[in-house]
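Novice: The file below is data.json, JSON, C-alpha atoms:
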```
[["chain", "number", "residue", "atom", "x", "y", "z"],
["A", 218, "THR", "CA", -62.90, 87.90, -7.47],
["A", 219, "GLN", "CA", -64.33, 84.56, -6.41],
["A", 220, "THR", "CA", -63.79, 85.53, -2.77],
["A", 221, "GLY", "CA", -65.82, 88.74, -3.11],
["A", 222, "GLN", "CA", -62.82, 90.97, -2.46],
["A", 223, "SER", "CA", -61.61, 93.95, -4.44],
["A", 224, "PRO", "CA", -58.53, 93.12, -6.50],
["A", 225, "GLN", "CA", -57.57, 96.81, -6.17],
["A", 226, "ASN", "CA", -57.02, 96.39, -2.42],
["A", 227, "GLU", "CA", -53.25, 96.61, -1.78],
["A", 228, "VAL", "CA", -53.23, 94.21, 1.18],
["A", 229, "TYR", "CA", -55.22, 91.70, -0.87],
["A", 230, "GLN", "CA", -52.77, 92.02, -3.77],
["A", 231, "LYS", "CA", -49.77, 91.48, -1.50],
["A", 232, "GLU", "CA", -51.30, 88.45, 0.20],
["A", 233, "VAL", "CA", -52.33, 86.83, -3.06],
["A", 234, "GLY", "CA", -48.97, 87.68, -4.66],
["A", 235, "ALA", "CA", -47.02, 86.12, -1.78],
["A", 236, "ALA", "CA", -49.20, 83.00, -1.74],
["A", 237, "LEU", "CA", -49.02, 82.65, -5.53],
["A", 238, "GLU", "CA", -45.24, 83.05, -5.48],
["A", 239, "SER", "CA", -45.02, 80.20, -2.96],
["A", 240, "VAL", "CA", -47.04, 77.81, -5.16],
["A", 241, "LEU", "CA", -45.84, 79.02, -8.56],
["A", 242, "PRO", "CA", -42.39, 80.58, -8.29],
["A", 243, "ARG", "CA", -41.41, 82.95, -11.11],
["A", 244, "ALA", "CA", -38.81, 80.43, -12.24],
["A", 245, "ASN", "CA", -41.64, 78.01, -13.12],
["A", 246, "LEU", "CA", -43.74, 80.59, -14.95],
["A", 247, "HIS", "CA", -42.31, 79.73, -18.37],
["A", 248, "ALA", "CA", -43.28, 76.06, -17.98],
["A", 249, "PHE", "CA", -46.78, 77.15, -16.97],
["A", 250, "THR", "CA", -47.24, 79.42, -19.99],
["A", 251, "ALA", "CA", -46.13, 76.58, -22.29],
["A", 252, "LEU", "CA", -49.02, 74.36, -21.15],
["A", 253, "ALA", "CA", -51.97, 73.67, -23.44],
["A", 254, "TYR", "CA", -55.05, 75.84, -22.81],
["A", 255, "SER", "CA", -57.05, 73.08, -21.08],
["A", 256, "ASP", "CA", -54.08, 72.19, -18.87],
["A", 257, "LYS", "CA", -53.55, 75.85, -18.01],
["A", 258, "ARG", "CA", -57.19, 76.20, -17.07],
["A", 259, "ALA", "CA", -57.05, 73.17, -14.77],
["A", 260, "ARG", "CA", -53.78, 74.40, -13.27],
["A", 261, "LEU", "CA", -55.27, 77.88, -12.67],
["A", 262, "ASN", "CA", -58.13, 76.29, -10.77],
["A", 263, "ASP", "CA", -55.62, 74.38, -8.64],
["A", 264, "LEU", "CA", -53.59, 77.54, -8.08],
["A", 265, "HIS", "CA", -56.72, 79.43, -7.04],
["A", 266, "ASN", "CA", -57.53, 76.74, -4.48],
["A", 267, "TYR", "CA", -53.98, 76.66, -3.13],
["A", 268, "VAL", "CA", -53.82, 80.45, -2.80],
["A", 269, "LEU", "CA", -57.25, 80.66, -1.17],
["A", 270, "GLY", "CA", -56.34, 77.79, 1.16],
["A", 271, "ILE", "CA", -53.10, 79.54, 2.15],
["A", 272, "ARG", "CA", -55.01, 82.77, 2.85],
["A", 273, "LEU", "CA", -57.61, 80.89, 4.92],
["A", 274, "PHE", "CA", -54.84, 79.23, 6.90],
["A", 275, "ASN", "CA", -53.06, 82.56, 7.37],
["A", 276, "LYS", "CA", -56.32, 84.08, 8.60],
["A", 277, "LYS", "CA", -56.63, 81.29, 11.17],
["A", 278, "ILE", "CA", -53.13, 81.87, 12.52],
["A", 279, "GLY", "CA", -53.55, 85.65, 12.48],
["A", 280, "LYS", "CA", -51.06, 86.37, 9.69],
["A", 281, "GLY", "CA", -53.31, 87.36, 6.80],
["A", 282, "GLY", "CA", -56.59, 86.49, 5.15],
["A", 283, "THR", "CA", -57.61, 90.13, 5.26],
["A", 284, "GLY", "CA", -61.22, 90.62, 4.28],
["A", 285, "LEU", "CA", -62.03, 86.91, 3.93],
["A", 286, "VAL", "CA", -65.48, 86.15, 5.28],
["A", 287, "ASP", "CA", -65.80, 83.14, 7.55],
["A", 288, "GLN", "CA", -68.20, 81.36, 5.18],
["A", 289, "LEU", "CA", -68.45, 78.20, 7.23],
["A", 290, "ARG", "CA", -69.32, 79.91, 10.50],
["A", 291, "GLU", "CA", -71.83, 82.14, 8.71],
["A", 292, "ALA", "CA", -73.36, 79.08, 7.05],
["A", 293, "ALA", "CA", -73.53, 77.31, 10.43],
["A", 294, "VAL", "CA", -75.36, 80.26, 11.99],
["A", 295, "ALA", "CA", -77.69, 80.62, 8.99],
["A", 296, "THR", "CA", -78.61, 76.92, 8.90],
["A", 297, "GLN", "CA", -79.19, 76.92, 12.66],
["A", 298, "GLU", "CA", -81.51, 79.94, 12.32],
["A", 299, "LEU", "CA", -83.31, 78.40, 9.36],
["A", 300, "ALA", "CA", -83.84, 75.12, 11.19],
["A", 301, "GLY", "CA", -85.22, 77.03, 14.18],
["A", 302, "ALA", "CA", -87.60, 79.09, 12.03],
["A", 303, "VAL", "CA", -88.84, 75.98, 10.20],
["A", 304, "LEU", "CA", -89.40, 74.18, 13.50],
["A", 305, "GLU", "CA", -91.54, 77.11, 14.70],
["A", 306, "GLN", "CA", -93.59, 76.94, 11.49],
["A", 307, "LEU", "CA", -93.95, 73.19, 11.90],
["A", 308, "GLN", "CA", -95.24, 73.54, 15.45],
["A", 309, "GLN", "CA", -97.68, 76.28, 14.42],
["A", 310, "ALA", "CA", -98.95, 74.25, 11.45],
["A", 311, "ALA", "CA", -99.49, 71.21, 13.72],
["A", 312, "ARG", "CA", -101.44, 73.37, 16.20],
["A", 313, "ASP", "CA", -103.58, 74.75, 13.36],
["A", 314, "VAL", "CA", -104.44, 71.23, 12.15],
["A", 315, "GLU", "CA", -105.35, 70.16, 15.69],
["A", 316, "GLU", "CA", -107.60, 73.20, 16.14],
["A", 317, "TYR", "CA", -109.42, 72.61, 12.85],
["A", 318, "GLU", "CA", -109.87, 68.93, 13.70],
["A", 319, "ALA", "CA", -111.27, 69.84, 17.13],
["A", 320, "VAL", "CA", -113.74, 72.37, 15.69],
["A", 321, "ILE", "CA", -114.91, 69.97, 12.95],
["A", 322, "SER", "CA", -115.26, 67.16, 15.50],
["A", 323, "PHE", "CA", -117.32, 69.46, 17.72],
["A", 324, "VAL", "CA", -119.58, 70.52, 14.82],
["A", 325, "LEU", "CA", -120.13, 66.92, 13.71],
["A", 326, "GLY", "CA", -120.83, 65.86, 17.30],
["A", 327, "ASN", "CA", -123.47, 68.53, 17.67],
["A", 328, "GLU", "CA", -125.24, 68.27, 14.30],
["A", 329, "GLY", "CA", -128.75, 69.62, 14.42],
["A", 330, "SER", "CA", -127.96, 71.86, 17.38],
["A", 331, "PRO", "CA", -128.77, 75.57, 16.84],
["A", 332, "MET", "CA", -125.33, 76.35, 18.25],
["A", 333, "VAL", "CA", -123.58, 74.94, 15.11],
["A", 334, "ALA", "CA", -126.34, 75.62, 12.56],
["A", 335, "ASP", "CA", -124.47, 78.53, 10.93],
["A", 336, "VAL", "CA", -121.01, 76.92, 10.96],
["A", 337, "PRO", "CA", -119.74, 76.44, 7.36],
["A", 338, "LEU", "CA", -118.66, 72.78, 7.76],
["A", 339, "LYS", "CA", -117.59, 72.29, 4.13],
["A", 340, "ARG", "CA", -115.38, 75.35, 4.28],
["A", 341, "LEU", "CA", -113.80, 74.15, 7.55],
["A", 342, "GLN", "CA", -113.11, 70.75, 5.99],
["A", 343, "ASP", "CA", -111.51, 72.41, 2.95],
["A", 344, "GLU", "CA", -109.37, 74.55, 5.25],
["A", 345, "LEU", "CA", -108.33, 71.47, 7.20],
["A", 346, "THR", "CA", -107.25, 69.78, 3.97],
["A", 347, "ASN", "CA", -105.25, 72.89, 3.09],
["A", 348, "ARG", "CA", -103.62, 73.01, 6.56],
["A", 349, "ARG", "CA", -102.72, 69.31, 6.38],
["A", 350, "GLN", "CA", -101.06, 69.85, 3.00],
["A", 351, "TYR", "CA", -99.11, 72.79, 4.40],
["A", 352, "LEU", "CA", -98.11, 70.72, 7.45],
["A", 353, "SER", "CA", -96.87, 67.95, 5.16],
["A", 354, "PHE", "CA", -94.82, 70.48, 3.16],
["A", 355, "VAL", "CA", -93.30, 72.00, 6.30],
["A", 356, "GLN", "CA", -92.45, 68.51, 7.63],
["A", 357, "SER", "CA", -90.54, 67.78, 4.41],
["A", 358, "PHE", "CA", -88.82, 71.15, 4.56],
["A", 359, "GLU", "CA", -87.90, 70.58, 8.19],
["A", 360, "VAL", "CA", -86.07, 67.38, 7.19],
["A", 361, "GLU", "CA", -84.18, 69.30, 4.47],
["A", 362, "ALA", "CA", -83.29, 72.12, 6.87],
["A", 363, "ALA", "CA", -82.01, 69.61, 9.44],
["A", 364, "ASN", "CA", -79.97, 67.84, 6.75],
["A", 365, "GLY", "CA", -78.52, 71.18, 5.60],
["A", 366, "LYS", "CA", -77.56, 72.00, 9.18],
["A", 367, "ASP", "CA", -75.86, 68.60, 9.54],
["A", 368, "VAL", "CA", -73.97, 69.04, 6.25],
["A", 369, "VAL", "CA", -72.66, 72.45, 7.29],
["A", 370, "HIS", "CA", -71.72, 71.18, 10.75],
["A", 371, "HIS", "CA", -69.80, 68.27, 9.19],
["A", 372, "LEU", "CA", -68.12, 70.64, 6.72],
["A", 373, "LEU", "CA", -67.12, 73.00, 9.52],
["A", 374, "ASN", "CA", -65.64, 70.11, 11.54],
["A", 375, "GLU", "CA", -63.62, 68.91, 8.53],
["A", 376, "PHE", "CA", -62.46, 72.48, 7.84],
["A", 377, "GLU", "CA", -61.29, 72.91, 11.44],
["A", 378, "GLN", "CA", -59.55, 69.51, 11.30],
["A", 379, "ASP", "CA", -57.70, 70.53, 8.11],
["A", 380, "LEU", "CA", -56.63, 73.78, 9.81],
["A", 381, "ASP", "CA", -55.38, 71.87, 12.86],
["A", 382, "ASP", "CA", -53.51, 69.39, 10.64],
["A", 383, "LEU", "CA", -51.87, 72.28, 8.78],
["A", 384, "LYS", "CA", -50.92, 74.08, 12.00],
["A", 385, "GLU", "CA", -49.28, 70.93, 13.30],
["A", 386, "LEU", "CA", -47.55, 70.20, 9.99],
["A", 387, "VAL", "CA", -46.30, 73.72, 9.38],
["A", 388, "GLY", "CA", -45.52, 74.48, 13.02],
["A", 389, "ARG", "CA", -42.95, 71.74, 13.50],
["A", 390, "LYS", "CA", -40.97, 72.10, 10.26],
["A", 391, "SER", "CA", -39.21, 74.89, 8.43],
["A", 392, "ALA", "CA", -39.75, 73.24, 5.04],
["A", 393, "VAL", "CA", -42.94, 71.30, 4.48],
["A", 394, "PRO", "CA", -43.40, 68.95, 1.51],
["A", 395, "LYS", "CA", -45.94, 70.38, -0.89],
["A", 396, "GLU", "CA", -47.41, 66.90, -1.43],
["A", 397, "ARG", "CA", -48.60, 67.08, 2.18],
["A", 398, "VAL", "CA", -49.79, 70.70, 2.46],
["A", 399, "TYR", "CA", -51.26, 71.43, -0.98],
["A", 400, "PRO", "CA", -54.09, 68.90, -0.62],
["A", 401, "LEU", "CA", -54.93, 70.45, 2.76],
["A", 402, "PHE", "CA", -54.90, 73.98, 1.31],
["A", 403, "GLU", "CA", -57.08, 72.79, -1.55],
["A", 404, "GLY", "CA", -59.45, 71.10, 0.91],
["A", 405, "LEU", "CA", -59.82, 74.32, 2.90],
["A", 406, "ALA", "CA", -60.62, 76.30, -0.25],
["A", 407, "LYS", "CA", -63.17, 73.77, -1.50],
["A", 408, "LYS", "CA", -64.97, 73.58, 1.85],
["A", 409, "TRP", "CA", -65.05, 77.38, 2.07],
["A", 410, "ALA", "CA", -66.44, 77.59, -1.48],
["A", 411, "GLU", "CA", -68.99, 74.87, -0.78],
["A", 412, "ALA", "CA", -70.32, 76.84, 2.18],
["A", 413, "GLU", "CA", -70.48, 79.94, -0.03],
["A", 414, "GLU", "CA", -72.32, 78.05, -2.79],
["A", 415, "MET", "CA", -74.96, 76.96, -0.33],
["A", 416, "GLY", "CA", -76.08, 80.56, -0.54],
["A", 417, "LEU", "CA", -76.16, 80.94, 3.22]]
```
Have the structure of the file written as structure tokens, please.
Specialist:
Amino acid sequence: TQTGQSPQNEVYQKEVGAALESVLPRANLHAFTALAYSDKRARLNDLHNYVLGIRLFNKKIGKGGTGLVDQLREAAVATQELAGAVLEQLQQAARDVEEYEAVISFVLGNEGSPMVADVPLKRLQDELTNRRQYLSFVQSFEVEAANGKDVVHHLLNEFEQDLDDLKELVGRKSAVPKERVYPLFEGLAKKWAEAEEMGL
């Protein structure tokens, strides 16, 4: 399945069946089967998002969502760890550049001295060029890692806001208009999938 769960799992089947029945009652099944192929395909995608969104909501309120991984929290942890690791590399690369610059400066300042006669200056300069290039790469990557962390944080905030909106909407009414809840369910599913697609 797209959620990484086994369709053979009985609890999963019951949850999906109940959610699907709520968005596509059996009475409407004939109208669905009469749709053109492209319309059916689009409708199936919508149904998938609604069902996944319902399961994510049910997981939040402790009434289902069995086996669903918290993609957004995992992505938040992963991007935080990545940003931290990249920052460490950035700091180390900057220290390396400073050390090479200091050694080269010392060698050039003491030219002709027997103390630096055997120092391979050209090789040190080549290494410095290499370290500067690496530093430049890590600086660019650090910006990307920070942006990724910000994107996930924003996504997680929106996800939590959608969950809160749904809790408030569903909690105060026995019958909730689908025009209000379906977009929220769909939003939950899309944010969850986006976090999963980030590969984190």
Novice: Nearest residue to A:Gln230 out of A:His370, A:Arg243, A:Arg258, A:Arg272, using all atoms listed in the file?
Specialist: A:Arg272
Novice: Counting only C-alpha atoms, which of A:Leu325, A:Glu385, A:Asn275, A:Leu237 gets nearest to A:Leu261?
Specialist: A:Leu237
Novice: Show me, as JSON lines, the residues of stretch 269-377 of chain A having an atom within 9 Å of stretch 396-411 of chain A, each with the closest atom pair and its distance in Å, using only C-alpha atoms.
Specialist:
```
{"residue": "A:Leu269", "atom": "CA", "partner": "A:Ala406", "partner_atom": "CA", "distance": 5.6}
{"residue": "A:Gly270", "atom": "CA", "partner": "A:Phe402", "partner_atom": "CA", "distance": 4.1}
{"residue": "A:Ile271", "atom": "CA", "partner": "A:Phe402", "partner_atom": "CA", "distance": 5.9}
{"residue": "A:Arg272", "atom": "CA", "partner": "A:Phe402", "partner_atom": "CA", "distance": 8.9}
{"residue": "A:Leu273", "atom": "CA", "partner": "A:Leu405", "partner_atom": "CA", "distance": 7.2}
{"residue": "A:Phe274", "atom": "CA", "partner": "A:Phe402", "partner_atom": "CA", "distance": 7.7}
{"residue": "A:Asp287", "atom": "CA", "partner": "A:Trp409", "partner_atom": "CA", "distance": 8.0}
{"residue": "A:Gln288", "atom": "CA", "partner": "A:Trp409", "partner_atom": "CA", "distance": 6.0}
{"residue": "A:Leu289", "atom": "CA", "partner": "A:Trp409", "partner_atom": "CA", "distance": 6.2}
{"residue": "A:Leu372", "atom": "CA", "partner": "A:Lys408", "partner_atom": "CA", "distance": 6.5}
{"residue": "A:Leu373", "atom": "CA", "partner": "A:Lys408", "partner_atom": "CA", "distance": 8.0}
{"residue": "A:Glu375", "atom": "CA", "partner": "A:Lys408", "partner_atom": "CA", "distance": 8.3}
{"residue": "A:Phe376", "atom": "CA", "partner": "A:Leu405", "partner_atom": "CA", "distance": 5.9}
{"residue": "A:Glu377", "atom": "CA", "partner": "A:Leu405", "partner_atom": "CA", "distance": 8.8}
```
Novice: Could those residues be written to a file, using C-alpha atoms, as a PDB file, in the coordinates of the input?
Specialist:
```
ATOM      1  CA  LEU A 269     -57.250  80.660  -1.170  1.00  0.00           C
ATOM      2  CA  GLY A 270     -56.340  77.790   1.160  1.00  0.00           C
ATOM      3  CA  ILE A 271     -53.100  79.540   2.150  1.00  0.00           C
ATOM      4  CA  ARG A 272     -55.010  82.770   2.850  1.00  0.00           C
ATOM      5  CA  LEU A 273     -57.610  80.890   4.920  1.00  0.00           C
ATOM      6  CA  PHE A 274     -54.840  79.230   6.900  1.00  0.00           C
ATOM      7  CA  ASP A 287     -65.800  83.140   7.550  1.00  0.00           C
ATOM      8  CA  GLN A 288     -68.200  81.360   5.180  1.00  0.00           C
ATOM      9  CA  LEU A 289     -68.450  78.200   7.230  1.00  0.00           C
ATOM     10  CA  LEU A 372     -68.120  70.640   6.720  1.00  0.00           C
ATOM     11  CA  LEU A 373     -67.120  73.000   9.520  1.00  0.00           C
ATOM     12  CA  GLU A 375     -63.620  68.910   8.530  1.00  0.00           C
ATOM     13  CA  PHE A 376     -62.460  72.480   7.840  1.00  0.00           C
ATOM     14  CA  GLU A 377     -61.290  72.910  11.440  1.00  0.00           C
TER      15      GLU A 377
END
```
Novice: Could you check the closest approach to A:Glu344 for each of A:Val314, A:Ser357, A:Lys384, A:Ala392 and tell me which residue wins, using only C-alpha atoms?
Specialist: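 Between A:Val314, A:Ser357, A:Lys384, A:Ala392, the residue approaching A:Glu344 most closely is A:Val314.
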Novice: Of the residues A:Ile321, A:Val333, A:Ala253, A:Leu285, which is the one nearest to A:Tyr229, using only C-alpha atoms?
Specialist: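 Closest candidate: A:Leu285.
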Novice: Given the choices A:Lys280, A:Arg348, A:Arg389, A:His265, which gets closest to A:Ala311 if the distance is worked out from only C-alpha atoms?
Specialist: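 Smallest distance to A:Ala311 is found for A:Arg348.
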Novice: Find the residue from A:Lys277, A:Lys395, A:Arg340, A:Arg290 that sits nearest to A:Asp379; use all atoms listed in the file when measuring.
Specialist: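 Selected residue with least distance to A:Asp379: A:Lys277.
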Novice: As an exercise, work out the distance from atom CA of A:Glu359 to atom CA of A:Leu307 in Å and give it to one decimal place.
Specialist: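 It comes out at 7.6 Å.
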Novice: Would you compute the distance between atom CA of A:Leu338 and atom CA of A:Gly326? Give it in Å to one decimal.
Specialist: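 Atom CA of A:Gly326 lies at a distance of 12.0 Å from atom CA of A:Leu338.
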Novice: Where's the centre, and what are the edge lengths in Å to one decimal, of a box along x, y and z enclosing all listed atoms of stretch 257-260 of chain A padded 3 Å per side, as lines of an AutoDock Vina configuration file?
Specialist:
```
center_x = -55.4
center_y = 74.7
center_z = -15.6
size_x = 9.6
size_y = 9.0
size_z = 10.7
```
Novice: Go ahead and compute the interatomic distance for atom CA of A:Gln297 and atom CA of A:Lys366, in Å to one decimal.
Specialist: 6.2 Å
Novice: Every residue with an atom at most 12 Å from (-77.7, 70.2, 8.5) (file coordinates; all atoms listed in the file) is what I'm after, so could you write them as a VMD selection string?
Specialist: chain A and resid 292 to 301 358 to 373 412 415
Novice: Starting from the sparse input, extend stretch 239-250 of chain A to all heavy atoms and give the output as a CSV table (one decimal), in the frame of the given file.
Specialist:
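That gives us result23.csv:
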```
chain,number,residue,atom,x,y,z
A,239,SER,N,-45.4,81.4,-3.7
A,239,SER,CA,-45.0,80.2,-3.0
A,239,SER,C,-45.5,78.9,-3.7
A,239,SER,O,-44.8,77.9,-3.6
A,239,SER,CB,-45.5,80.2,-1.5
A,239,SER,OG,-46.9,80.0,-1.5
A,240,VAL,N,-46.6,79.0,-4.4
A,240,VAL,CA,-47.0,77.8,-5.2
A,240,VAL,C,-46.6,77.8,-6.6
A,240,VAL,O,-46.5,76.7,-7.2
A,240,VAL,CB,-48.6,77.6,-5.1
A,240,VAL,CG1,-49.0,77.4,-3.6
A,240,VAL,CG2,-49.3,78.8,-5.6
A,241,LEU,N,-46.3,79.0,-7.2
A,241,LEU,CA,-45.8,79.0,-8.6
A,241,LEU,C,-44.7,80.1,-8.6
A,241,LEU,O,-44.9,81.2,-9.0
A,241,LEU,CB,-47.0,79.4,-9.5
A,241,LEU,CG,-46.6,79.5,-11.0
A,241,LEU,CD1,-46.2,78.1,-11.6
A,241,LEU,CD2,-47.8,80.0,-11.8
A,242,PRO,N,-43.5,79.6,-8.3
A,242,PRO,CA,-42.4,80.6,-8.3
A,242,PRO,C,-42.2,81.1,-9.7
A,242,PRO,O,-42.5,80.4,-10.7
A,242,PRO,CB,-41.2,79.7,-7.8
A,242,PRO,CG,-41.8,78.6,-7.1
A,242,PRO,CD,-43.1,78.3,-7.8
A,243,ARG,N,-41.6,82.3,-9.8
A,243,ARG,CA,-41.4,83.0,-11.1
A,243,ARG,C,-40.6,82.1,-12.0
A,243,ARG,O,-40.8,82.1,-13.2
A,243,ARG,CB,-40.7,84.3,-10.9
A,243,ARG,CG,-41.6,85.3,-10.3
A,243,ARG,CD,-40.9,86.7,-10.1
A,243,ARG,NE,-41.6,87.5,-9.1
A,243,ARG,CZ,-42.6,88.3,-9.3
A,243,ARG,NH1,-43.0,88.5,-10.5
A,243,ARG,NH2,-43.1,89.0,-8.4
A,244,ALA,N,-39.7,81.3,-11.4
A,244,ALA,CA,-38.8,80.4,-12.2
A,244,ALA,C,-39.6,79.4,-13.0
A,244,ALA,O,-39.2,78.9,-14.1
A,244,ALA,CB,-37.8,79.7,-11.4
A,245,ASN,N,-40.8,79.0,-12.5
A,245,ASN,CA,-41.6,78.0,-13.1
A,245,ASN,C,-42.7,78.6,-14.0
A,245,ASN,O,-43.5,77.9,-14.6
A,245,ASN,CB,-42.4,77.2,-12.1
A,245,ASN,CG,-41.4,76.4,-11.2
A,245,ASN,OD1,-40.2,76.4,-11.4
A,245,ASN,ND2,-41.9,75.7,-10.2
A,246,LEU,N,-42.7,79.9,-14.2
A,246,LEU,CA,-43.7,80.6,-15.0
A,246,LEU,C,-43.7,80.2,-16.4
A,246,LEU,O,-44.7,80.0,-17.1
A,246,LEU,CB,-43.6,82.1,-14.8
A,246,LEU,CG,-44.9,82.9,-15.0
A,246,LEU,CD1,-46.0,82.4,-14.2
A,246,LEU,CD2,-44.6,84.4,-14.6
A,247,HIS,N,-42.5,80.1,-16.9
A,247,HIS,CA,-42.3,79.7,-18.4
A,247,HIS,C,-42.9,78.4,-18.7
A,247,HIS,O,-43.6,78.2,-19.7
A,247,HIS,CB,-40.8,79.7,-18.8
A,247,HIS,CG,-40.7,79.4,-20.2
A,247,HIS,ND1,-41.0,80.2,-21.3
A,247,HIS,CD2,-40.1,78.3,-20.8
A,247,HIS,CE1,-40.8,79.6,-22.4
A,247,HIS,NE2,-40.2,78.4,-22.2
A,248,ALA,N,-42.7,77.4,-17.8
A,248,ALA,CA,-43.3,76.1,-18.0
A,248,ALA,C,-44.8,76.1,-17.9
A,248,ALA,O,-45.5,75.4,-18.7
A,248,ALA,CB,-42.8,75.1,-16.9
A,249,PHE,N,-45.3,77.0,-17.1
A,249,PHE,CA,-46.8,77.2,-17.0
A,249,PHE,C,-47.4,77.7,-18.3
A,249,PHE,O,-48.4,77.3,-18.8
A,249,PHE,CB,-47.1,78.0,-15.8
A,249,PHE,CG,-48.6,78.4,-15.7
A,249,PHE,CD1,-49.5,77.4,-15.2
A,249,PHE,CD2,-49.1,79.6,-16.1
A,249,PHE,CE1,-50.9,77.7,-15.1
A,249,PHE,CE2,-50.4,79.9,-16.0
A,249,PHE,CZ,-51.3,79.0,-15.6
A,250,THR,N,-46.7,78.8,-18.8
A,250,THR,CA,-47.2,79.4,-20.0
A,250,THR,C,-47.2,78.5,-21.2
A,250,THR,O,-47.9,78.7,-22.2
A,250,THR,CB,-46.5,80.7,-20.3
A,250,THR,OG1,-45.1,80.5,-20.4
A,250,THR,CG2,-46.7,81.8,-19.2
```
